[in-house]
Each structure stands twice: as C-alpha cells, then as structure tokens.
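The structure file protein_14.tsv is reproduced below (TSV, N, CA and C atoms).
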chain	number	residue	atom	x	y	z
U	1	MET	N	50.01	89.00	80.71
U	1	MET	CA	51.24	89.24	81.41
U	1	MET	C	51.93	87.92	81.70
U	2	SER	N	53.20	87.97	81.86
U	2	SER	CA	54.00	86.75	81.97
U	2	SER	C	54.04	86.20	83.38
U	3	GLY	N	54.04	84.90	83.47
U	3	GLY	CA	54.34	84.18	84.68
U	3	GLY	C	53.60	84.67	85.91
U	4	ASP	N	54.33	84.70	87.05
U	4	ASP	CA	53.72	85.07	88.32
U	4	ASP	C	54.15	86.46	88.77
U	5	ARG	N	54.62	87.27	87.83
U	5	ARG	CA	55.04	88.63	88.17
U	5	ARG	C	53.83	89.45	88.55
U	6	THR	N	54.04	90.38	89.48
U	6	THR	CA	53.03	91.37	89.81
U	6	THR	C	53.45	92.65	89.14
U	7	SER	N	52.60	93.20	88.28
U	7	SER	CA	52.95	94.43	87.60
U	7	SER	C	52.09	95.57	88.11
U	8	GLU	N	52.58	96.78	87.88
U	8	GLU	CA	51.89	97.98	88.30
U	8	GLU	C	51.51	98.75	87.05
U	9	SER	N	50.28	99.25	87.02
U	9	SER	CA	49.85	100.05	85.88
U	9	SER	C	50.55	101.40	85.91
U	10	GLY	N	50.71	101.94	84.72
U	10	GLY	CA	51.26	103.27	84.62
U	10	GLY	C	52.69	103.27	84.13
U	11	PRO	N	53.09	104.45	83.65
U	11	PRO	CA	54.43	104.57	83.09
U	11	PRO	C	55.52	104.53	84.16
U	12	LEU	N	56.66	104.05	83.77
U	12	LEU	CA	57.84	104.03	84.62
U	12	LEU	C	58.75	105.14	84.12
U	13	THR	N	58.92	106.17	84.91
U	13	THR	CA	59.81	107.26	84.50
U	13	THR	C	61.24	106.89	84.84
U	14	TYR	N	62.18	107.61	84.22
U	14	TYR	CA	63.58	107.38	84.54
U	14	TYR	C	63.83	107.64	86.02
U	15	ALA	N	63.21	108.68	86.58
U	15	ALA	CA	63.40	109.00	88.00
U	15	ALA	C	62.92	107.84	88.88
U	16	ASP	N	61.76	107.25	88.53
U	16	ASP	CA	61.24	106.10	89.28
U	16	ASP	C	62.21	104.92	89.18
U	17	TRP	N	62.66	104.64	87.95
U	17	TRP	CA	63.58	103.52	87.72
U	17	TRP	C	64.85	103.72	88.53
U	18	ARG	N	65.40	104.92	88.49
U	18	ARG	CA	66.62	105.25	89.23
U	18	ARG	C	66.42	105.05	90.74
U	19	ASP	N	65.32	105.58	91.27
U	19	ASP	CA	65.05	105.45	92.71
U	19	ASP	C	64.95	103.99	93.12
U	20	ARG	N	64.25	103.20	92.33
U	20	ARG	CA	64.08	101.80	92.67
U	20	ARG	C	65.39	101.03	92.53
U	21	LEU	N	66.19	101.36	91.52
U	21	LEU	CA	67.50	100.73	91.36
U	21	LEU	C	68.37	101.04	92.57
U	22	GLU	N	68.38	102.29	92.99
U	22	GLU	CA	69.19	102.68	94.16
U	22	GLU	C	68.69	102.03	95.44
U	23	ASP	N	67.39	101.65	95.47
U	23	ASP	CA	66.82	100.93	96.62
U	23	ASP	C	67.05	99.42	96.52
U	24	GLY	N	67.78	98.99	95.48
U	24	GLY	CA	68.11	97.57	95.34
U	24	GLY	C	67.07	96.75	94.61
U	25	GLU	N	66.23	97.40	93.80
U	25	GLU	CA	65.17	96.71	93.09
U	25	GLU	C	65.35	96.88	91.58
U	26	LEU	N	65.34	95.78	90.85
U	26	LEU	CA	65.37	95.83	89.39
U	26	LEU	C	63.95	95.79	88.88
U	27	VAL	N	63.56	96.82	88.12
U	27	VAL	CA	62.22	96.85	87.52
U	27	VAL	C	62.35	97.20	86.05
U	28	GLY	N	61.36	96.80	85.31
U	28	GLY	CA	61.33	97.09	83.88
U	28	GLY	C	59.91	97.37	83.46
U	29	LEU	N	59.64	97.22	82.17
U	29	LEU	CA	58.31	97.46	81.62
U	29	LEU	C	57.87	96.27	80.79
U	30	GLU	N	56.60	95.94	80.90
U	30	GLU	CA	56.02	94.88	80.10
U	30	GLU	C	54.88	95.46	79.28
U	31	CYS	N	54.89	95.18	77.98
U	31	CYS	CA	53.86	95.66	77.07
U	31	CYS	C	52.56	94.86	77.29
U	32	ARG	N	51.46	95.57	77.45
U	32	ARG	CA	50.16	94.90	77.63
U	32	ARG	C	49.72	94.17	76.36
U	33	SER	N	50.12	94.69	75.21
U	33	SER	CA	49.67	94.10	73.94
U	33	SER	C	50.41	92.83	73.57
U	34	CYS	N	51.74	92.88	73.59
U	34	CYS	CA	52.50	91.74	73.09
U	34	CYS	C	53.31	91.02	74.17
U	35	GLY	N	53.41	91.59	75.38
U	35	GLY	CA	54.12	90.93	76.46
U	35	GLY	C	55.62	91.15	76.46
U	36	HIS	N	56.15	91.92	75.51
U	36	HIS	CA	57.60	92.18	75.48
U	36	HIS	C	58.02	92.91	76.75
U	37	VAL	N	59.15	92.50	77.31
U	37	VAL	CA	59.68	93.10	78.54
U	37	VAL	C	60.97	93.83	78.20
U	38	THR	N	61.11	95.03	78.73
U	38	THR	CA	62.34	95.81	78.60
U	38	THR	C	62.84	96.18	79.98
U	39	ALA	N	64.15	96.33	80.12
U	39	ALA	CA	64.75	96.54	81.43
U	39	ALA	C	64.90	98.00	81.82
U	40	THR	N	64.66	98.91	80.90
U	40	THR	CA	64.80	100.32	81.20
U	40	THR	C	63.58	101.08	80.68
U	41	PRO	N	63.32	102.26	81.23
U	41	PRO	CA	62.14	103.02	80.82
U	41	PRO	C	62.11	103.34	79.33
U	42	LYS	N	60.96	103.17	78.74
U	42	LYS	CA	60.70	103.48	77.34
U	42	LYS	C	59.30	104.11	77.27
U	43	ARG	N	59.03	104.87	76.22
U	43	ARG	CA	57.69	105.45	76.02
U	43	ARG	C	56.78	104.53	75.24
U	44	ALA	N	57.38	103.59	74.50
U	44	ALA	CA	56.59	102.67	73.69
U	44	ALA	C	57.32	101.33	73.61
U	45	CYS	N	56.56	100.29	73.36
U	45	CYS	CA	57.13	98.95	73.20
U	45	CYS	C	58.03	98.93	71.97
U	46	ILE	N	59.24	98.39	72.12
U	46	ILE	CA	60.16	98.33	70.99
U	46	ILE	C	59.81	97.21	70.02
U	47	ASP	N	58.90	96.31	70.41
U	47	ASP	CA	58.47	95.24	69.50
U	47	ASP	C	57.25	95.64	68.68
U	48	CYS	N	56.20	96.15	69.35
U	48	CYS	CA	54.95	96.41	68.63
U	48	CYS	C	54.56	97.89	68.56
U	49	GLY	N	55.23	98.73	69.34
U	49	GLY	CA	54.94	100.16	69.30
U	49	GLY	C	53.83	100.61	70.22
U	50	ASP	N	53.16	99.70	70.90
U	50	ASP	CA	52.08	100.08	71.81
U	50	ASP	C	52.65	100.96	72.93
U	51	ARG	N	51.83	101.84	73.44
U	51	ARG	CA	52.27	102.77	74.49
U	51	ARG	C	51.71	102.40	75.86
U	52	ILE	N	51.05	101.27	75.97
U	52	ILE	CA	50.53	100.86	77.27
U	52	ILE	C	51.51	99.85	77.87
U	53	LEU	N	52.36	100.34	78.76
U	53	LEU	CA	53.41	99.55	79.38
U	53	LEU	C	53.23	99.56	80.88
U	54	ASP	N	53.39	98.42	81.50
U	54	ASP	CA	53.26	98.30	82.95
U	54	ASP	C	54.61	98.02	83.58
U	55	THR	N	54.84	98.63	84.73
U	55	THR	CA	56.04	98.38	85.50
U	55	THR	C	55.99	96.95	86.03
U	56	CYS	N	57.11	96.23	85.91
U	56	CYS	CA	57.15	94.85	86.40
U	56	CYS	C	58.50	94.58	87.07
U	57	PRO	N	58.52	93.72	88.08
U	57	PRO	CA	59.80	93.35	88.70
U	57	PRO	C	60.62	92.49	87.75
U	58	LEU	N	61.92	92.64	87.83
U	58	LEU	CA	62.84	91.82	87.04
U	58	LEU	C	63.61	90.89	87.97
U	59	PRO	N	64.06	89.75	87.48
U	59	PRO	CA	64.87	88.86	88.30
U	59	PRO	C	66.18	89.54	88.70
U	60	THR	N	66.69	89.17	89.85
U	60	THR	CA	67.97	89.73	90.31
U	60	THR	C	69.14	88.82	89.97
U	61	THR	N	68.86	87.69	89.34
U	61	THR	CA	69.93	86.79	88.90
U	61	THR	C	69.80	86.57	87.40
U	62	GLY	N	70.93	86.34	86.77
U	62	GLY	CA	70.92	86.13	85.34
U	62	GLY	C	72.22	85.51	84.86
U	63	THR	N	72.41	85.56	83.56
U	63	THR	CA	73.57	84.95	82.92
U	63	THR	C	74.27	86.00	82.06
U	64	VAL	N	75.60	85.98	82.08
U	64	VAL	CA	76.37	86.92	81.26
U	64	VAL	C	76.16	86.57	79.79
U	65	HIS	N	75.61	87.53	79.05
U	65	HIS	CA	75.35	87.37	77.62
U	65	HIS	C	76.56	87.83	76.81
U	66	SER	N	77.17	88.93	77.22
U	66	SER	CA	78.38	89.46	76.59
U	66	SER	C	79.13	90.27	77.64
U	67	GLU	N	80.41	90.48	77.40
U	67	GLU	CA	81.20	91.24	78.38
U	67	GLU	C	82.36	91.92	77.69
U	68	THR	N	82.83	92.99	78.32
U	68	THR	CA	84.03	93.67	77.85
U	68	THR	C	84.69	94.33	79.05
U	69	THR	N	85.98	94.56	78.94
U	69	THR	CA	86.72	95.23	80.00
U	69	THR	C	87.13	96.61	79.51
U	70	ILE	N	86.80	97.60	80.31
U	70	ILE	CA	87.17	98.98	80.03
U	70	ILE	C	88.56	99.19	80.61
U	71	THR	N	89.56	99.26	79.75
U	71	THR	CA	90.94	99.41	80.23
U	71	THR	C	91.38	100.86	80.33
U	72	VAL	N	90.76	101.74	79.55
U	72	VAL	CA	91.04	103.17	79.62
U	72	VAL	C	89.72	103.84	80.01
U	73	PRO	N	89.51	104.03	81.32
U	73	PRO	CA	88.23	104.55	81.78
U	73	PRO	C	88.08	106.05	81.51
U	74	PRO	N	86.84	106.53	81.54
U	74	PRO	CA	86.61	107.96	81.40
U	74	PRO	C	87.27	108.73	82.56
U	75	VAL	N	87.50	110.00	82.35
U	75	VAL	CA	88.08	110.85	83.39
U	75	VAL	C	87.21	110.77	84.65
U	76	GLY	N	87.86	110.58	85.78
U	76	GLY	CA	87.15	110.50	87.05
U	76	GLY	C	86.83	109.10	87.51
U	77	PHE	N	87.13	108.09	86.69
U	77	PHE	CA	86.85	106.70	87.05
U	77	PHE	C	88.15	105.93	87.12
U	78	GLU	N	88.17	104.96	88.02
U	78	GLU	CA	89.34	104.08	88.11
U	78	GLU	C	89.10	102.85	87.25
U	79	GLY	N	90.14	102.37	86.65
U	79	GLY	CA	90.01	101.20	85.79
U	79	GLY	C	91.18	100.28	86.01
U	80	PRO	N	91.19	99.19	85.35
U	80	PRO	CA	90.14	98.71	84.45
U	80	PRO	C	88.93	98.17	85.22
U	81	TYR	N	87.79	98.09	84.52
U	81	TYR	CA	86.60	97.47	85.09
U	81	TYR	C	85.84	96.77	83.97
U	82	GLN	N	85.02	95.82	84.37
U	82	GLN	CA	84.30	94.98	83.41
U	82	GLN	C	82.83	95.37	83.40
U	83	VAL	N	82.26	95.43	82.21
U	83	VAL	CA	80.81	95.62	82.06
U	83	VAL	C	80.27	94.43	81.26
U	84	SER	N	78.98	94.19	81.44
U	84	SER	CA	78.40	93.03	80.80
U	84	SER	C	76.94	93.28	80.48
U	85	VAL	N	76.45	92.62	79.45
U	85	VAL	CA	75.03	92.55	79.19
U	85	VAL	C	74.56	91.28	79.88
U	86	ILE	N	73.61	91.44	80.80
U	86	ILE	CA	73.11	90.32	81.59
U	86	ILE	C	71.76	89.86	81.03
U	87	ASP	N	71.65	88.59	80.73
U	87	ASP	CA	70.40	87.99	80.28
U	87	ASP	C	69.57	87.65	81.51
U	88	LEU	N	68.44	88.35	81.68
U	88	LEU	CA	67.57	88.13	82.83
U	88	LEU	C	66.38	87.24	82.49
U	89	GLY	N	66.45	86.56	81.38
U	89	GLY	CA	65.36	85.67	80.95
U	89	GLY	C	64.53	86.33	79.88
U	90	GLU	N	63.63	87.25	80.26
U	90	GLU	CA	62.77	87.90	79.29
U	90	GLU	C	63.36	89.19	78.73
U	91	THR	N	64.44	89.67	79.31
U	91	THR	CA	65.07	90.90	78.86
U	91	THR	C	66.56	90.89	79.20
U	92	LYS	N	67.26	91.86	78.69
U	92	LYS	CA	68.70	91.99	78.98
U	92	LYS	C	68.96	93.38	79.54
U	93	LEU	N	70.00	93.48	80.38
U	93	LEU	CA	70.34	94.73	81.04
U	93	LEU	C	71.85	94.84	81.14
U	94	MET	N	72.39	96.02	80.82
U	94	MET	CA	73.82	96.23	80.96
U	94	MET	C	74.15	96.62	82.40
U	95	GLY	N	75.23	96.06	82.91
U	95	GLY	CA	75.65	96.38	84.26
U	95	GLY	C	77.15	96.23	84.43
U	96	ARG	N	77.63	96.68	85.54
U	96	ARG	CA	79.04	96.57	85.88
U	96	ARG	C	79.25	95.28	86.67
U	97	ILE	N	80.40	94.66	86.47
U	97	ILE	CA	80.73	93.41	87.16
U	97	ILE	C	81.69	93.71	88.30
U	98	ARG	N	81.38	93.17	89.47
U	98	ARG	CA	82.26	93.29	90.62
U	98	ARG	C	82.86	91.90	90.90
U	99	SER	N	84.12	91.74	90.49
U	99	SER	CA	84.81	90.47	90.70
U	99	SER	C	86.29	90.68	90.43
U	100	ASP	N	87.13	90.17	91.30
U	100	ASP	CA	88.58	90.27	91.09
U	100	ASP	C	89.02	89.47	89.87
U	101	GLU	N	88.35	88.37	89.58
U	101	GLU	CA	88.71	87.51	88.46
U	101	GLU	C	87.94	87.84	87.18
U	102	GLY	N	86.91	88.68	87.27
U	102	GLY	CA	86.07	88.95	86.11
U	102	GLY	C	85.10	87.81	85.87
U	103	VAL	N	84.32	87.91	84.80
U	103	VAL	CA	83.37	86.86	84.44
U	103	VAL	C	83.50	86.55	82.97
U	104	GLU	N	83.08	85.37	82.62
U	104	GLU	CA	83.06	84.91	81.23
U	104	GLU	C	81.61	84.82	80.76
U	105	ILE	N	81.41	84.80	79.46
U	105	ILE	CA	80.08	84.61	78.89
U	105	ILE	C	79.53	83.28	79.40
U	106	GLY	N	78.28	83.31	79.82
U	106	GLY	CA	77.62	82.12	80.35
U	106	GLY	C	77.66	82.02	81.87
U	107	ALA	N	78.45	82.87	82.53
U	107	ALA	CA	78.55	82.83	84.00
U	107	ALA	C	77.24	83.31	84.63
U	108	SER	N	76.90	82.73	85.78
U	108	SER	CA	75.74	83.17	86.54
U	108	SER	C	76.14	84.34	87.42
U	109	VAL	N	75.28	85.37	87.45
U	109	VAL	CA	75.55	86.56	88.25
U	109	VAL	C	74.30	86.99	88.99
U	110	GLU	N	74.52	87.83	90.02
U	110	GLU	CA	73.42	88.34	90.83
U	110	GLU	C	73.57	89.84	91.03
U	111	PHE	N	72.45	90.56	90.97
U	111	PHE	CA	72.42	91.99	91.23
U	111	PHE	C	72.71	92.22	92.70
U	112	VAL	N	73.73	93.07	93.01
U	112	VAL	CA	74.12	93.28	94.40
U	112	VAL	C	74.21	94.75	94.82
U	113	ASP	N	74.25	95.68	93.87
U	113	ASP	CA	74.52	97.06	94.25
U	113	ASP	C	74.29	97.97	93.04
U	114	THR	N	74.51	99.26	93.23
U	114	THR	CA	74.54	100.20	92.12
U	114	THR	C	75.82	101.02	92.22
U	115	VAL	N	76.22	101.59	91.09
U	115	VAL	CA	77.36	102.48	91.04
U	115	VAL	C	76.92	103.71	90.24
U	116	GLU	N	77.40	104.87	90.63
U	116	GLU	CA	77.07	106.10	89.91
U	116	GLU	C	78.08	106.32	88.80
U	117	LEU	N	77.60	106.50	87.59
U	117	LEU	CA	78.44	106.82	86.45
U	117	LEU	C	77.92	108.13	85.85
U	118	ASP	N	78.68	109.19	85.95
U	118	ASP	CA	78.27	110.51	85.47
U	118	ASP	C	76.91	110.92	86.02
U	119	GLY	N	76.69	110.65	87.29
U	119	GLY	CA	75.43	111.04	87.93
U	119	GLY	C	74.27	110.13	87.65
U	120	MET	N	74.49	109.02	86.92
U	120	MET	CA	73.42	108.07	86.64
U	120	MET	C	73.78	106.73	87.26
U	121	PRO	N	72.81	106.07	87.89
U	121	PRO	CA	73.10	104.78	88.49
U	121	PRO	C	73.18	103.67	87.45
U	122	ALA	N	74.01	102.70	87.75
U	122	ALA	CA	74.11	101.50	86.92
U	122	ALA	C	74.10	100.31	87.87
U	123	PRO	N	73.45	99.23	87.48
U	123	PRO	CA	73.44	98.04	88.34
U	123	PRO	C	74.80	97.39	88.39
U	124	VAL	N	75.10	96.78	89.52
U	124	VAL	CA	76.35	96.04	89.72
U	124	VAL	C	75.97	94.59	89.99
U	125	PHE	N	76.67	93.68	89.29
U	125	PHE	CA	76.43	92.24	89.43
U	125	PHE	C	77.70	91.57	89.90
U	126	GLU	N	77.54	90.48	90.66
U	126	GLU	CA	78.68	89.64	91.08
U	126	GLU	C	78.40	88.21	90.64
U	127	PRO	N	79.48	87.46	90.37
U	127	PRO	CA	79.31	86.03	90.05
U	127	PRO	C	78.69	85.30	91.23
U	128	THR	N	77.87	84.29	90.94
U	128	THR	CA	77.23	83.53	92.02
U	128	THR	C	77.92	82.22	92.30
U	129	GLY	N	78.86	81.83	91.45
U	129	GLY	CA	79.47	80.52	91.66
U	129	GLY	C	80.92	80.51	91.74
Would you put the structure from the file into structure tokens?
Amino acid sequence: MSGDRTSESGPLTYADWRDRLEDGELVGLECRSCGHVTATPKRACIDCGDRILDTCPLPTTGTVHSETTITVPPVGFEGPYQVSVIDLGETKLMGRIRSDEGVEIGASVEFVDTVELDGMPAPVFEPTG
C-alpha cells in the first residue's frame, strides 16, 4: 500500500462512497496487487483486473488537470458552471468548481463541498490561491 494512508479492507459500494462524500470525506480504492488507486467505486482494478480492493482516503487538495465550462446546463440546473478533472496525485476525480473567476489548468484546488446532480453527489472544489 502507498505512503502513510490508512486503508480499510473490503469493497467500497457506491452508497458508502456517496455517504462519505456527503460527510466531507474523499475516499477511493487501492488495489492490493498492483497499488493502483481509483477515486470512485469499482469491482476490479482497472490496471491489473484484481478484485481485492481496499478503501483508502484521498487527498482533499489537488491540481486542475483539465477543465470545461458548461454554458447550456441540463434542465433544472443553473449555468454556466465549470467542471474539472482534479489530479489528486495517485488518481484523478471529476468535480465542480466553485469560483467567480473560474480556474485554469494547473491551478491548486481544495475539496470544500458536494452538489447534487440528478440525485447523485459530486465533489465541489475551490481554488486555494
């Protein structure tokens, strides 16, 4: 296992991931065989295919890997809003950006909240600098 993370044995269900996200905690899965980390629940490692995955905490700060602005939002949402793929070091996670100015690729961001999109939570990040 990587670094000084404390992992928990057993599968991470979507319901568990959702509950922990709503409680302000970012968690993912780490493969026991190859050490690959993913930010969302999976049944098998996407690198080696092993099915023994442990729940692990993820960093709450990261760097914007890519971004786009949704100018025509889905029905029921106000726009425009920005979404981004956040590089958390060992894995990447898509989230919504909360900032009046938006963010650029390479910007430092921090996990601060969740937003419901069609009944599913999504992490919200804000610039740190």
Which of these, U:Glu67, U:Glu110, U:Glu101, U:Glu78, has the shortest distance to Glu25 (chain U) once you count only C-alpha atoms?
U:Glu110
Between U:Asp47, U:His65, U:Asp54, U:Ile70, which one has atoms that come closest to Lys92 (chain U), using only C-alpha atoms?
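Between U:Asp47, U:His65, U:Asp54, U:Ile70, the residue approaching Lys92 (chain U) most closely is U:His65.
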Mind giving me the straight-line distance from atom N of Ser66 (chain U) to CA of Leu21 (chain U) in Å, one decimal?
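Going from atom N of Ser66 (chain U) over to CA of Leu21 (chain U), I get 20.8 Å.
Between CA of Phe125 (chain U) and CA of Asp23 (chain U) the separation is 14.8 Å.
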From the options U:Cys34, U:Ser84, U:Pro127, U:Trp17, which residue's atoms come nearest to Thr68 (chain U), counting all atoms listed in the file?
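Comparing U:Cys34, U:Ser84, U:Pro127, U:Trp17 against Thr68 (chain U), the winner is U:Ser84.
Each of U:Ser33, U:Gly76, U:Gln82, U:Glu90 was checked against Leu117 (chain U) using only C-alpha atoms; the smallest atom-to-atom distance is that of U:Gly76.
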Please indicate the distance in Å from CA of Glu126 (chain U) to CA of Thr40 (chain U), rounded to one decimal place.
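Between CA of Glu126 (chain U) and CA of Thr40 (chain U) the gap works out to 20.1 Å.
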Would you give me, as JSON, numbers by chain, the residues in chain U that DSSP reads as alpha helix (DSSP H)?
{"U": [14, 15, 16, 17, 18, 19, 20, 21, 22]}
Using the chain letters and numbers from this document, which residues of chain U does DSSP assign to strand (DSSP E), as a PyMOL selection string?
chain U and resi 27-31+37-38+53-57+61-70+81-87+92-97+108-117+120-127
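The smallest atom-to-atom distance between Ser99 (chain U) and any of U:Gly49, U:Gly35, U:Pro59, U:Pro80, using only C-alpha atoms, is found for U:Pro80.
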Using all atoms listed in the file, the residue out of U:Thr71, U:Thr13, U:Thr91, U:Thr63 with shortest distance to His36 (chain U) is U:Thr91
Got a sec: who's within 6 Å of Pro123 (chain U), counting all atoms listed in the file, leaving out chain neighbours fewer than 3 positions off, as a list of chain:residue names?
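Neighbouring residues, sequence-local ones excluded: U:Met94, U:Gly95, U:Arg96, U:Asp113, U:Thr114, U:Val115.
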Can you find the residues with an atom no farther than 12 Å from (51.7, 100.3, 78.8), counting only C-alpha atoms, and report them as number ranges by chain?
U: 1, 7-12, 28-38, 41-46, 48-56
